[in-house]
Structure formats: C-alpha cells, structure tokens
file model_12.txt (compact mmCIF, C-alpha atoms)
# COMPACT_ATOMS: atom_id res chain seq x y z
CA ARG C 1021 44.04 -58.95 -73.32
CA PHE C 1022 42.99 -59.05 -69.69
CA GLY C 1023 44.13 -55.52 -69.13
CA SER C 1024 41.17 -54.17 -71.12
CA ARG C 1025 38.44 -56.47 -69.70
CA CYS C 1026 36.01 -55.81 -66.85
CA SER C 1027 36.15 -57.53 -63.49
CA LEU C 1028 33.51 -60.12 -64.46
CA CYS C 1029 35.55 -61.20 -67.44
CA ALA C 1030 38.62 -61.47 -65.24
CA ALA C 1031 36.63 -63.68 -62.88
CA HIS C 1032 35.70 -65.88 -65.85
CA ALA C 1033 39.38 -66.25 -66.58
CA LEU C 1034 39.72 -67.72 -63.07
CA GLY C 1035 37.03 -70.30 -63.91
CA ARG C 1036 34.51 -69.02 -61.34
CA LEU C 1037 31.70 -67.76 -63.64
CA ARG C 1038 30.05 -68.88 -66.88
CA PRO C 1039 31.26 -67.25 -70.12
CA LEU C 1040 29.82 -63.78 -70.58
CA ARG C 1041 29.87 -61.55 -73.60
CA HIS C 1042 31.76 -58.42 -72.94
CA ARG C 1043 29.66 -55.32 -73.07
CA ALA C 1044 31.07 -51.88 -73.26
CA MET C 1045 30.21 -50.07 -70.05
CA ALA C 1046 31.45 -47.21 -67.92
CA HIS C 1047 33.44 -48.74 -65.07
CA LYS C 1048 33.78 -47.32 -61.63
CA LYS C 1049 37.22 -47.33 -60.14
CA MET C 1050 38.03 -50.93 -59.28
CA LYS C 1051 38.90 -51.74 -55.71
CA GLY C 1052 41.51 -54.32 -54.91
CA ARG C 1053 45.19 -55.05 -55.12
CA LEU C 1054 47.29 -52.75 -57.28
CA LEU C 1055 49.90 -54.34 -59.45
CA GLY C 1056 53.37 -53.66 -58.23
CA LYS C 1057 56.16 -52.49 -60.42
CA GLY C 1058 57.44 -55.33 -62.55
CA CYS C 1059 54.48 -57.57 -61.64
CA SER C 1060 52.74 -59.18 -64.63
CA VAL C 1061 48.98 -59.63 -64.99
CA LYS C 1062 49.45 -63.38 -65.42
CA LYS C 1063 51.34 -63.62 -62.16
CA SER C 1064 48.67 -61.55 -60.40
CA LEU C 1065 45.89 -63.86 -61.64
CA LYS C 1066 47.75 -66.95 -60.47
CA GLN C 1067 48.01 -65.40 -57.02
CA ALA C 1068 44.30 -64.52 -57.07
CA ARG C 1069 43.44 -68.11 -58.02
CA ARG C 1070 45.47 -69.47 -55.13
CA GLU C 1071 43.65 -67.13 -52.75
CA CYS C 1072 40.28 -68.24 -54.10
CA GLN C 1073 41.20 -71.90 -53.68
CA VAL C 1074 42.22 -71.27 -50.08
CA LYS C 1075 38.91 -69.49 -49.37
CA GLU C 1076 36.87 -72.28 -51.01
CA LYS C 1077 38.74 -74.89 -49.01
CA GLY C 1078 38.05 -72.96 -45.82
CA LYS C 1079 34.31 -72.82 -46.59
CA LYS C 1080 34.17 -76.58 -47.22
CA LEU C 1081 35.91 -77.30 -43.94
CA LYS C 1082 33.51 -75.01 -42.12
CA LYS C 1083 30.50 -76.84 -43.57
CA ALA C 1084 31.96 -80.30 -42.93
CA GLN C 1085 33.07 -79.58 -39.35
CA PRO C 1086 30.91 -76.79 -37.96
CA GLY C 1087 31.43 -77.86 -34.36
CA GLU C 1088 35.20 -77.93 -34.58
CA GLU C 1089 35.46 -74.64 -36.45
CA ALA C 1090 33.08 -72.89 -34.08
CA ALA C 1091 34.84 -74.23 -31.03
CA THR C 1092 38.18 -72.69 -31.91
CA PRO C 1093 37.26 -69.00 -31.68
CA LYS C 1094 35.11 -69.72 -28.64
CA ALA C 1095 38.04 -71.38 -26.90
CA GLU C 1096 40.28 -68.51 -27.89
CA SER C 1097 37.82 -65.93 -26.54
CA LYS C 1098 37.48 -67.93 -23.33
CA GLY C 1099 41.23 -68.01 -22.93
CA THR C 1100 41.45 -64.31 -23.65
CA ALA C 1101 38.75 -63.58 -21.07
CA ALA C 1102 40.52 -65.73 -18.50
CA ALA C 1103 43.79 -63.98 -19.18
CA ALA C 1104 42.07 -60.61 -18.84
CA SER C 1105 40.49 -61.58 -15.53
CA GLU C 1106 43.82 -62.75 -14.18
CA GLY C 1107 45.29 -59.36 -14.99
CA PRO C 1108 48.86 -58.73 -16.04
CA ARG C 1109 51.40 -61.45 -15.39
CA LEU C 1110 53.47 -60.92 -12.29
CA THR C 1111 57.20 -60.54 -12.49
CA LYS C 1112 59.40 -62.89 -10.47
CA LYS C 1113 59.87 -60.16 -7.90
CA GLU C 1114 56.11 -59.61 -7.62
CA GLN C 1115 55.46 -63.36 -7.37
CA LYS C 1116 57.98 -63.61 -4.55
CA ALA C 1117 56.35 -60.69 -2.70
CA LYS C 1118 52.90 -62.25 -3.15
CA ALA C 1119 54.08 -65.61 -1.82
CA MET C 1120 55.67 -63.92 1.19
CA MET C 1121 52.47 -61.99 1.91
CA GLU C 1122 50.41 -65.20 1.83
CA LYS C 1123 52.90 -66.97 4.08
CA GLN C 1124 52.73 -64.15 6.64
CA HIS C 1125 48.94 -64.26 6.70
CA ARG C 1126 48.81 -68.03 7.19
CA ALA C 1127 51.46 -67.84 9.90
CA LEU C 1128 49.05 -65.90 12.13
CA TYR C 1129 47.24 -69.12 13.04
CA SER C 1130 48.29 -72.42 14.56
CA GLU C 1131 46.53 -75.75 15.02
CA LYS C 1132 47.47 -75.59 18.72
CA GLU C 1133 45.29 -72.52 19.27
CA ARG C 1134 41.60 -72.16 20.02
CA ILE C 1135 40.24 -69.79 17.38
CA LEU C 1136 36.87 -68.01 17.29
CA LEU C 1137 35.52 -66.70 13.98
CA VAL C 1138 32.63 -64.24 14.18
CA GLY C 1139 30.43 -62.75 11.49
CA GLU C 1140 31.06 -65.59 9.04
CA GLY C 1141 28.90 -65.37 5.93
CA ASN C 1142 29.14 -68.55 3.88
CA PHE C 1143 31.71 -70.12 6.25
CA SER C 1144 34.24 -70.35 3.40
CA PHE C 1145 37.00 -68.73 5.47
CA ALA C 1146 36.37 -71.20 8.30
CA ARG C 1147 36.70 -74.03 5.79
CA ALA C 1148 39.87 -72.54 4.31
CA LEU C 1149 41.36 -72.12 7.80
CA CYS C 1150 40.63 -75.77 8.63
CA ARG C 1151 42.23 -76.87 5.38
CA HIS C 1152 45.35 -74.88 6.23
CA LEU C 1153 45.57 -76.17 9.80
CA GLY C 1154 44.70 -79.72 8.77
CA SER C 1155 42.18 -79.85 11.61
CA GLY C 1156 39.19 -77.95 12.95
CA ALA C 1157 39.43 -79.20 16.52
CA GLY C 1158 40.21 -75.70 17.80
CA VAL C 1159 38.06 -73.78 15.30
CA TYR C 1160 34.72 -72.28 16.38
CA ALA C 1161 33.02 -70.48 13.49
CA THR C 1162 29.92 -68.39 14.16
CA CYS C 1163 27.48 -66.20 12.25
CA PHE C 1164 24.76 -63.75 13.26
CA ASP C 1165 22.02 -65.22 11.04
CA ASP C 1166 19.74 -68.07 12.04
CA GLU C 1167 19.82 -71.26 9.98
CA ALA C 1168 16.90 -70.37 7.70
CA THR C 1169 18.25 -66.90 6.91
CA LEU C 1170 21.74 -68.28 6.34
CA ALA C 1171 20.47 -70.84 3.81
CA LYS C 1172 18.58 -68.12 1.94
CA LYS C 1173 21.45 -65.63 1.82
CA TYR C 1174 24.35 -68.02 1.14
CA THR C 1175 23.53 -71.17 -0.80
CA ASP C 1176 27.09 -72.47 -0.40
CA ALA C 1177 27.12 -72.15 3.41
CA GLU C 1178 25.76 -75.64 4.04
CA GLU C 1179 28.54 -77.25 2.01
CA CYS C 1180 31.22 -75.24 3.81
CA ARG C 1181 29.79 -76.00 7.26
CA LYS C 1182 29.57 -79.69 6.46
CA GLU C 1183 33.26 -79.84 5.55
CA VAL C 1184 34.27 -77.88 8.65
CA GLU C 1185 32.32 -80.19 10.96
CA ASP C 1186 32.39 -83.61 9.29
CA LYS C 1187 35.84 -83.62 7.71
CA TYR C 1188 37.84 -81.48 10.13
CA GLY C 1189 35.91 -81.79 13.39
CA GLY C 1190 35.29 -78.06 13.74
CA THR C 1191 32.28 -76.32 15.28
CA THR C 1192 29.84 -73.97 13.53
CA LEU C 1193 27.28 -71.94 15.46
CA MET C 1194 24.47 -69.65 14.29
CA GLY C 1195 22.69 -66.76 15.96
CA VAL C 1196 25.83 -65.47 17.69
CA ASP C 1197 25.98 -61.67 18.21
CA ALA C 1198 29.55 -60.37 17.75
CA THR C 1199 28.86 -57.53 20.18
CA ARG C 1200 27.77 -59.90 22.96
CA LEU C 1201 30.32 -62.70 22.80
CA HIS C 1202 31.02 -62.47 26.54
CA SER C 1203 27.37 -63.40 27.23
CA VAL C 1204 28.19 -66.96 26.12
CA LYS C 1205 29.59 -68.50 29.29
CA GLU C 1206 31.89 -70.92 27.47
CA PHE C 1207 33.48 -68.11 25.48
CA LYS C 1208 34.85 -66.02 28.36
CA GLY C 1209 38.65 -66.23 28.50
CA ALA C 1210 38.62 -69.19 26.12
CA PHE C 1211 40.28 -68.09 22.87
CA HIS C 1212 43.79 -67.36 21.66
CA LYS C 1213 42.56 -65.64 18.49
CA ILE C 1214 39.25 -63.95 17.70
CA ILE C 1215 38.73 -63.04 14.03
CA TRP C 1216 36.15 -60.85 12.35
CA ASN C 1217 36.71 -60.55 8.62
CA PHE C 1218 35.04 -57.57 6.96
CA PRO C 1219 32.45 -56.53 9.55
CA HIS C 1220 29.46 -54.69 8.12
CA ILE C 1221 26.00 -53.84 9.39
CA GLY C 1222 24.37 -54.23 5.98
CA SER C 1223 21.67 -51.66 6.77
CA GLY C 1224 21.84 -49.96 3.39
CA GLU C 1225 22.29 -46.55 5.01
CA THR C 1226 23.10 -44.03 2.25
CA ASP C 1227 24.24 -41.21 4.55
CA LEU C 1228 27.98 -41.87 4.73
CA ASP C 1229 28.51 -39.93 7.95
CA LYS C 1230 25.69 -41.75 9.69
CA SER C 1231 26.88 -45.10 8.34
CA ALA C 1232 30.43 -44.43 9.56
CA GLU C 1233 29.10 -43.61 13.03
CA GLU C 1234 27.06 -46.83 13.10
CA HIS C 1235 30.10 -48.90 12.18
CA ARG C 1236 32.32 -47.19 14.74
CA LEU C 1237 29.77 -48.08 17.40
CA LEU C 1238 29.59 -51.65 16.11
CA LEU C 1239 33.38 -52.05 16.29
CA ALA C 1240 33.59 -50.51 19.76
CA LYS C 1241 30.98 -52.94 21.12
CA PHE C 1242 32.75 -55.85 19.47
CA PHE C 1243 36.16 -55.00 20.91
CA LYS C 1244 34.74 -54.49 24.39
CA SER C 1245 33.06 -57.90 24.31
CA ALA C 1246 35.80 -59.82 22.46
CA ALA C 1247 38.53 -58.64 24.85
CA LYS C 1248 36.73 -60.51 27.65
CA CYS C 1249 36.92 -63.73 25.63
CA LEU C 1250 40.69 -63.72 25.08
CA ASN C 1251 42.82 -66.23 26.94
CA LYS C 1252 44.69 -64.04 29.42
CA GLU C 1253 47.27 -66.73 30.15
CA SER C 1254 48.60 -66.56 26.59
CA ARG C 1255 50.79 -63.64 25.53
CA GLY C 1256 49.95 -64.37 21.91
CA SER C 1257 46.22 -63.81 22.33
CA ALA C 1258 44.91 -61.30 19.80
CA ILE C 1259 41.86 -59.93 18.03
CA HIS C 1260 42.00 -59.72 14.23
CA VAL C 1261 39.78 -57.44 12.16
CA ALA C 1262 39.96 -57.32 8.37
CA LEU C 1263 38.77 -54.26 6.46
CA LYS C 1264 38.95 -53.05 2.88
CA THR C 1265 41.26 -50.11 2.25
CA GLY C 1266 40.09 -46.61 1.46
CA GLU C 1267 36.75 -45.01 2.19
CA PRO C 1268 34.29 -45.46 3.76
CA TYR C 1269 36.28 -47.98 5.84
CA LYS C 1270 38.98 -45.50 6.78
CA SER C 1271 36.31 -43.37 8.48
CA TRP C 1272 35.43 -46.26 10.80
CA LYS C 1273 38.67 -45.57 12.71
CA VAL C 1274 39.19 -49.19 13.70
CA VAL C 1275 42.40 -48.53 15.66
CA GLN C 1276 40.86 -45.75 17.74
CA MET C 1277 37.76 -47.84 18.42
CA ALA C 1278 39.85 -50.75 19.72
CA ARG C 1279 41.98 -48.59 22.00
CA GLY C 1280 39.00 -46.69 23.37
CA ALA C 1281 36.75 -49.70 24.00
CA ALA C 1282 39.21 -52.17 25.57
CA PRO C 1283 42.80 -52.47 26.87
CA LEU C 1284 44.06 -53.19 23.35
CA ASP C 1285 46.82 -51.82 21.13
CA LEU C 1286 47.60 -52.34 17.45
CA GLY C 1287 50.30 -54.96 17.34
CA ASN C 1288 50.57 -55.35 13.57
CA ALA C 1289 48.82 -54.65 10.28
CA LEU C 1290 49.38 -56.60 7.09
CA PRO C 1291 47.65 -57.14 3.74
CA PHE C 1292 44.76 -59.57 3.65
CA ALA C 1293 46.04 -62.24 1.24
CA THR C 1294 43.03 -63.92 -0.35
CA GLY C 1295 45.34 -66.29 -2.25
CA ALA C 1296 46.50 -67.77 1.05
CA TRP C 1297 43.11 -69.34 1.72
CA GLU C 1298 42.02 -72.16 -0.55
CA GLY C 1299 38.35 -71.90 -1.45
CA TYR C 1300 37.73 -68.62 0.34
CA ALA C 1301 35.05 -66.48 -1.31
CA HIS C 1302 34.21 -63.09 0.15
CA ARG C 1303 30.49 -62.42 0.60
CA ARG C 1304 28.51 -59.32 1.46
CA THR C 1305 26.41 -59.10 4.62
CA ILE C 1306 23.21 -58.83 2.57
CA GLY C 1307 23.95 -62.15 0.90
CA PHE C 1308 25.10 -63.23 -2.54
CA LYS C 1309 23.11 -61.99 -5.53
CA THR C 1310 24.35 -62.69 -9.05
CA ALA C 1311 23.18 -59.30 -10.36
CA LEU C 1312 24.80 -57.30 -7.55
CA SER C 1313 27.62 -59.35 -6.07
CA LYS C 1314 30.98 -60.25 -7.48
CA ASP C 1315 32.01 -63.87 -7.32
CA ASP C 1316 34.90 -65.28 -5.34
CA SER C 1317 36.89 -62.42 -3.76
CA GLU C 1318 36.91 -59.96 -6.63
CA GLU C 1319 35.70 -57.14 -4.38
CA LEU C 1320 38.94 -57.36 -2.39
CA ALA C 1321 41.13 -56.79 -5.44
CA LYS C 1322 41.55 -53.09 -4.61
CA GLY C 1323 43.14 -54.02 -1.32
CA ALA C 1324 42.33 -55.03 2.24
CA ASN C 1325 44.24 -55.17 5.51
CA ILE C 1326 44.07 -57.31 8.60
CA TYR C 1327 44.64 -55.45 11.88
CA VAL C 1328 46.09 -57.43 14.78
CA PHE C 1329 45.16 -56.08 18.21
CA VAL C 1330 46.96 -57.35 21.30
CA ARG C 1331 46.44 -56.72 24.99
CA ARG C 1332 48.36 -53.79 26.40
CA PRO C 1333 51.68 -54.70 28.10
CA GLU C 1334 50.38 -53.89 31.58
CA GLU C 1335 47.41 -56.17 31.03
CA ALA C 1336 49.62 -59.02 29.81
CA ASP C 1337 51.97 -58.58 32.79
CA GLU C 1338 49.06 -58.78 35.22
CA ALA C 1339 47.98 -62.05 33.62

call {"tool": "encode", "arguments": {"input": "model_12.txt", "output": "structure tokens"}}
result
Amino acid sequence: RFGSRCSLCAAHALGRLRPLRHRAMAHKKMKGRLLGKGCSVKKSLKQARRECQVKEKGKKLKKAQPGEEAATPKAESKGTAAAASEGPRLTKKEQKAKAMMEKQHRALYSEKERILLVGEGNFSFARALCRHLGSGAGVYATCFDDEATLAKKYTDAEECRKEVEDKYGGTTLMGVDATRLHSVKEFKGAFHKIIWNFPHIGSGETDLDKSAEEHRLLLAKFFKSAAKCLNKESRGSAIHVALKTGEPYKSWKVVQMARGAAPLDLGNALPFATGAWEGYAHRRTIGFKTALSKDDSEELAKGANIYVFVRRPEEADEA
C-alpha cells in the first residue's frame, strides 16, 4: 500500500527511480501537496506523473532550443522595461491635452519667419525645428562653443548640423556669445523670433545663491542684447526662453530680468512639449556623459516652460 511507503518508494511507483528495498526509518514531515477530502492516492499519483512529464518535456525543449527559450524571458523583460519607461498609459482626455500642448508649441514658429537659435548644444532642436517647418531657409542656429569643443562635448552635433544645412538649407554658426548678439552686424533688427532653450552657465557652482545670481546676470545681458536683434517692423517679434520648473530655476527670476533689462513684457507662458519636436534630445551645457547624463529628454520629464517675451506696446507703436 502506497500510504505506508516512503517518498522514494512512491517515486519508484512513478517509474523515475530504480527499485529500492524499503527500509524502516524515521521520516520527517513530508512537504508537498496534501490530499483533499475524497481524493484517492491513485488519482494523486496520476496527477503527479502528469506534472513530471510536463517538467521533463520542458527540460528537453530547453536543451534542444536554448536560444529560443532564452529569448522569450529576455523579450518579456525588455517589453516590461519599455513599458515602465513610458510610464502609465494616458487616458483619452490626457492624450488630447498632450496633443493640444504639442500643437500650441509648434504653432509658435512659421516658415515665413527668420528665427535665431542661441545656446544650441547638439543642434537637435534646430534640426527638429527644420523638420517641422519643412525648410531651414530662415533658421540660424548658433552655439557658444568652438568647433573642436562642440565635437568633444556632443558627438551627435555634427550629424544634426549636417541635416540642418545640407537637407534643409539652414545655417549653423559656432562661437556666438548669447550676451553679445547685437555685436554681430547682420543680427541687428533681423529676427522675428529669438530662442534660447534651457540657458545655463555650466560653471559647477555649488553655492545656490551665488549660482542664482550668476544666472540672473546672464539672462539680463541676453535680453538686453537680444532685444536689439528683433525685427521692429513685425508686431509678432518675440524672445523665447525655456526653463525647467521648480528650483533653482525659479530663483533666476526670468520675467523680472527681461522687464528690467529691455523694453519687454511677458506675453505668454506655456509648457515645453518635448514630444512636439521629432528627434530633439536635451543636453547639458557640460556635454553628454553616459554616467552622468540622461538620454533623450528624460531630464525634462518633471516639467519645463517656455516664456514668450514681446516688446512693450509703446515700443511696438513707435515701430
């Protein structure tokens, strides 16, 4: 009777081990499935045999097709990771709001305008803007770094610049100081829109108060210079500055700096919609480092705004 045999003898009954003589021995409490009420031992063994056959079949498949078996969990984990990175799925209402936000951001620019981009890092926003407009004829993208420094800090800059210039007919310039734009003769009174996305000194200053003061000064100098490069004949001329939300950026007092440095007022403020710009990848001023930087525009996930500054009414009337 199986009920009085040890586990090894029961295994023999399943045909998995060689015949063994039963020896009387003190058994520890057996772990495993408990027989339910009204469940026979014979029925339990049949179920155990089926489970063993399934396990054996699984092992054979694993040995015969190691690549296929191994690929499945890897693909699943990859899909899980991708789903996690994408975050929770948006509701229809949220999707509609996101689409509207992206549309509003893109609507700020027209192919009929002459647009100046300053402080570009890898020139990916300039490329995205050209893709949206379908042309780069009126796009002038500039950065502060010289060509050697740019290539060292942003390995993808060359590819972006090439597309802007060769495919869309845009212009890219290096060594342009955002605080001295008016010193370039061709820039004075030439642009309908001047854009500086995420200005930053990149000095590594750890004193937050001192850093905030440095950035306020940087913004004030930029506004004073950029205002001289706006096309005064166009009522739609504006200066756009994008900043991340929260501190320390709130302490930079971008609105106060614009009003105090030039005849400018805040005309509008809206969310910076990264999804509106195909291929745009935010980069830090210090460059892109795999160990320190986050790829694409992950750093903007917490939120960013674009501030639209227009000339004061009296200034526009005089023009």

call {"tool": "residues_near_point", "arguments": {"input": "model_12.txt", "point": "(34.8, -77.9, 15.3)", "cutoff": "8 Å", "atoms": "all atoms listed in the file", "output": "list of chain:residue names"}}
result
C:Gly1156, C:Ala1157, C:Gly1158, C:Val1159, C:Tyr1160, C:Ala1161, C:Val1184, C:Glu1185, C:Tyr1188, C:Gly1189, C:Gly1190, C:Thr1191, C:Thr1192

call {"tool": "residues_around", "arguments": {"input": "model_12.txt", "residues": "Ala1246 (chain C)", "least_positions_apart": "6", "cutoff": "8 Å", "atoms": "all atoms listed in the file", "output": "VMD selection string"}}
result
chain C and resid 1198 to 1199 1201 to 1202 1214 1259

call {"tool": "atom_distance", "arguments": {"input": "model_12.txt", "atom1": "CA of Leu1137 (chain C)", "atom2": "CA of Ile1215 (chain C)"}}
result
4.9 Å

call {"tool": "residues_near_point", "arguments": {"input": "model_12.txt", "point": "(29.0, -48.0, 14.6)", "cutoff": "12 Å", "atoms": "all atoms listed in the file", "output": "VMD selection string"}}
result
chain C and resid 1199 1219 to 1223 1225 1228 to 1243 1269 1271 to 1274 1277

call {"tool": "write_last_selection", "arguments": {"input": "model_12.txt", "atoms": "C-alpha atoms", "output": "compact mmCIF listing (two decimals), keeping the file's coordinate frame"}}
result
# COMPACT_ATOMS: atom_id res chain seq x y z
CA THR C 1199 28.86 -57.53 20.18
CA PRO C 1219 32.45 -56.53 9.55
CA HIS C 1220 29.46 -54.69 8.12
CA ILE C 1221 26.00 -53.84 9.39
CA GLY C 1222 24.37 -54.23 5.98
CA SER C 1223 21.67 -51.66 6.77
CA GLU C 1225 22.29 -46.55 5.01
CA LEU C 1228 27.98 -41.87 4.73
CA ASP C 1229 28.51 -39.93 7.95
CA LYS C 1230 25.69 -41.75 9.69
CA SER C 1231 26.88 -45.10 8.34
CA ALA C 1232 30.43 -44.43 9.56
CA GLU C 1233 29.10 -43.61 13.03
CA GLU C 1234 27.06 -46.83 13.10
CA HIS C 1235 30.10 -48.90 12.18
CA ARG C 1236 32.32 -47.19 14.74
CA LEU C 1237 29.77 -48.08 17.40
CA LEU C 1238 29.59 -51.65 16.11
CA LEU C 1239 33.38 -52.05 16.29
CA ALA C 1240 33.59 -50.51 19.76
CA LYS C 1241 30.98 -52.94 21.12
CA PHE C 1242 32.75 -55.85 19.47
CA PHE C 1243 36.16 -55.00 20.91
CA TYR C 1269 36.28 -47.98 5.84
CA SER C 1271 36.31 -43.37 8.48
CA TRP C 1272 35.43 -46.26 10.80
CA LYS C 1273 38.67 -45.57 12.71
CA VAL C 1274 39.19 -49.19 13.70
CA MET C 1277 37.76 -47.84 18.42

call {"tool": "closest_residue", "arguments": {"input": "model_12.txt", "among": "C:Lys1182, C:Arg1147, C:Lys1113, C:Lys1252", "to": "Gly1209 (chain C)", "atoms": "all atoms listed in the file"}}
result
C:Lys1252

call {"tool": "residues_around", "arguments": {"input": "model_12.txt", "residues": "Ala1177 (chain C)", "least_positions_apart": "4", "cutoff": "12 Å", "atoms": "all atoms listed in the file", "output": "PyMOL selection string"}}
result
chain C and resi 1140-1147+1161-1163+1165+1167-1173+1181-1184+1192+1194+1300-1303+1307-1308

call {"tool": "closest_residue", "arguments": {"input": "model_12.txt", "among": "C:Lys1248, C:Lys1264, C:Lys1116, C:Lys1187", "to": "Phe1211 (chain C)", "atoms": "all atoms listed in the file"}}
result
C:Lys1248

call {"tool": "atom_distance", "arguments": {"input": "model_12.txt", "atom1": "CA of Leu1250 (chain C)", "atom2": "CA of Asp1197 (chain C)"}}
result
16.4 Å

call {"tool": "atom_distance", "arguments": {"input": "model_12.txt", "atom1": "CA of Ala1289 (chain C)", "atom2": "CA of Tyr1174 (chain C)"}}
result
29.3 Å

call {"tool": "decode", "arguments": {"input": "model_12.txt", "residues": "region 1229-1257 of chain C", "atoms": "N, CA and C atoms", "output": "PDB file, in the first residue's frame"}}
result
ATOM      1  N   ASP C1229      22.868  80.302  -3.974  1.00  0.00           N
ATOM      2  CA  ASP C1229      22.600  81.743  -4.038  1.00  0.00           C
ATOM      3  C   ASP C1229      23.514  82.424  -5.056  1.00  0.00           C
ATOM      4  N   LYS C1230      24.771  82.044  -5.022  1.00  0.00           N
ATOM      5  CA  LYS C1230      25.729  82.625  -5.959  1.00  0.00           C
ATOM      6  C   LYS C1230      25.413  82.198  -7.385  1.00  0.00           C
ATOM      7  N   SER C1231      25.035  80.933  -7.560  1.00  0.00           N
ATOM      8  CA  SER C1231      24.683  80.413  -8.881  1.00  0.00           C
ATOM      9  C   SER C1231      23.456  81.131  -9.432  1.00  0.00           C
ATOM     10  N   ALA C1232      22.457  81.352  -8.565  1.00  0.00           N
ATOM     11  CA  ALA C1232      21.241  82.056  -8.993  1.00  0.00           C
ATOM     12  C   ALA C1232      21.569  83.471  -9.444  1.00  0.00           C
ATOM     13  N   GLU C1233      22.459  84.139  -8.724  1.00  0.00           N
ATOM     14  CA  GLU C1233      22.864  85.499  -9.084  1.00  0.00           C
ATOM     15  C   GLU C1233      23.581  85.515 -10.426  1.00  0.00           C
ATOM     16  N   GLU C1234      24.440  84.536 -10.665  1.00  0.00           N
ATOM     17  CA  GLU C1234      25.163  84.435 -11.939  1.00  0.00           C
ATOM     18  C   GLU C1234      24.195  84.245 -13.102  1.00  0.00           C
ATOM     19  N   HIS C1235      23.186  83.422 -12.896  1.00  0.00           N
ATOM     20  CA  HIS C1235      22.224  83.167 -13.977  1.00  0.00           C
ATOM     21  C   HIS C1235      21.287  84.343 -14.210  1.00  0.00           C
ATOM     22  N   ARG C1236      20.967  85.076 -13.160  1.00  0.00           N
ATOM     23  CA  ARG C1236      20.153  86.289 -13.341  1.00  0.00           C
ATOM     24  C   ARG C1236      20.916  87.313 -14.183  1.00  0.00           C
ATOM     25  N   LEU C1237      22.204  87.428 -13.919  1.00  0.00           N
ATOM     26  CA  LEU C1237      23.042  88.351 -14.691  1.00  0.00           C
ATOM     27  C   LEU C1237      23.152  87.892 -16.143  1.00  0.00           C
ATOM     28  N   LEU C1238      23.301  86.593 -16.333  1.00  0.00           N
ATOM     29  CA  LEU C1238      23.379  86.026 -17.682  1.00  0.00           C
ATOM     30  C   LEU C1238      22.108  86.343 -18.473  1.00  0.00           C
ATOM     31  N   LEU C1239      20.956  86.127 -17.860  1.00  0.00           N
ATOM     32  CA  LEU C1239      19.677  86.377 -18.531  1.00  0.00           C
ATOM     33  C   LEU C1239      19.485  87.860 -18.843  1.00  0.00           C
ATOM     34  N   ALA C1240      19.863  88.713 -17.902  1.00  0.00           N
ATOM     35  CA  ALA C1240      19.714  90.159 -18.115  1.00  0.00           C
ATOM     36  C   ALA C1240      20.547  90.616 -19.312  1.00  0.00           C
ATOM     37  N   LYS C1241      21.768  90.148 -19.404  1.00  0.00           N
ATOM     38  CA  LYS C1241      22.644  90.508 -20.532  1.00  0.00           C
ATOM     39  C   LYS C1241      22.086  89.979 -21.851  1.00  0.00           C
ATOM     40  N   PHE C1242      21.532  88.783 -21.790  1.00  0.00           N
ATOM     41  CA  PHE C1242      20.950  88.196 -23.005  1.00  0.00           C
ATOM     42  C   PHE C1242      19.763  89.009 -23.496  1.00  0.00           C
ATOM     43  N   PHE C1243      18.845  89.333 -22.610  1.00  0.00           N
ATOM     44  CA  PHE C1243      17.658  90.094 -23.004  1.00  0.00           C
ATOM     45  C   PHE C1243      18.034  91.472 -23.561  1.00  0.00           C
ATOM     46  N   LYS C1244      18.978  92.109 -22.930  1.00  0.00           N
ATOM     47  CA  LYS C1244      19.407  93.439 -23.377  1.00  0.00           C
ATOM     48  C   LYS C1244      19.967  93.387 -24.795  1.00  0.00           C
ATOM     49  N   SER C1245      20.751  92.345 -25.075  1.00  0.00           N
ATOM     50  CA  SER C1245      21.344  92.199 -26.406  1.00  0.00           C
ATOM     51  C   SER C1245      20.333  91.700 -27.431  1.00  0.00           C
ATOM     52  N   ALA C1246      19.547  90.685 -27.055  1.00  0.00           N
ATOM     53  CA  ALA C1246      18.589  90.081 -27.986  1.00  0.00           C
ATOM     54  C   ALA C1246      17.514  91.057 -28.431  1.00  0.00           C
ATOM     55  N   ALA C1247      17.082  91.946 -27.527  1.00  0.00           N
ATOM     56  CA  ALA C1247      16.043  92.917 -27.871  1.00  0.00           C
ATOM     57  C   ALA C1247      16.472  93.798 -29.041  1.00  0.00           C
ATOM     58  N   LYS C1248      17.754  94.035 -29.184  1.00  0.00           N
ATOM     59  CA  LYS C1248      18.281  94.869 -30.268  1.00  0.00           C
ATOM     60  C   LYS C1248      18.300  94.118 -31.603  1.00  0.00           C
ATOM     61  N   CYS C1249      18.114  92.815 -31.538  1.00  0.00           N
ATOM     62  CA  CYS C1249      18.145  91.996 -32.758  1.00  0.00           C
ATOM     63  C   CYS C1249      16.761  91.610 -33.256  1.00  0.00           C
ATOM     64  N   LEU C1250      15.705  92.050 -32.561  1.00  0.00           N
ATOM     65  CA  LEU C1250      14.345  91.775 -33.009  1.00  0.00           C
ATOM     66  C   LEU C1250      13.960  92.694 -34.159  1.00  0.00           C
ATOM     67  N   ASN C1251      13.171  92.168 -35.061  1.00  0.00           N
ATOM     68  CA  ASN C1251      12.649  92.941 -36.174  1.00  0.00           C
ATOM     69  C   ASN C1251      11.555  93.868 -35.646  1.00  0.00           C
ATOM     70  N   LYS C1252      11.817  95.146 -35.611  1.00  0.00           N
ATOM     71  CA  LYS C1252      10.874  96.107 -35.030  1.00  0.00           C
ATOM     72  C   LYS C1252       9.672  96.371 -35.920  1.00  0.00           C
ATOM     73  N   GLU C1253       9.739  95.971 -37.162  1.00  0.00           N
ATOM     74  CA  GLU C1253       8.623  96.188 -38.081  1.00  0.00           C
ATOM     75  C   GLU C1253       7.543  95.125 -37.926  1.00  0.00           C
ATOM     76  N   SER C1254       7.867  94.053 -37.207  1.00  0.00           N
ATOM     77  CA  SER C1254       6.905  92.962 -37.025  1.00  0.00           C
ATOM     78  C   SER C1254       6.349  92.973 -35.600  1.00  0.00           C
ATOM     79  N   ARG C1255       5.027  93.019 -35.499  1.00  0.00           N
ATOM     80  CA  ARG C1255       4.383  93.016 -34.183  1.00  0.00           C
ATOM     81  C   ARG C1255       4.520  91.656 -33.502  1.00  0.00           C
ATOM     82  N   GLY C1256       4.770  90.629 -34.286  1.00  0.00           N
ATOM     83  CA  GLY C1256       4.878  89.286 -33.720  1.00  0.00           C
ATOM     84  C   GLY C1256       6.267  88.927 -33.244  1.00  0.00           C
ATOM     85  N   SER C1257       7.205  89.852 -33.339  1.00  0.00           N
ATOM     86  CA  SER C1257       8.573  89.565 -32.902  1.00  0.00           C
ATOM     87  C   SER C1257       8.596  89.253 -31.409  1.00  0.00           C
TER      88      SER C1257
END
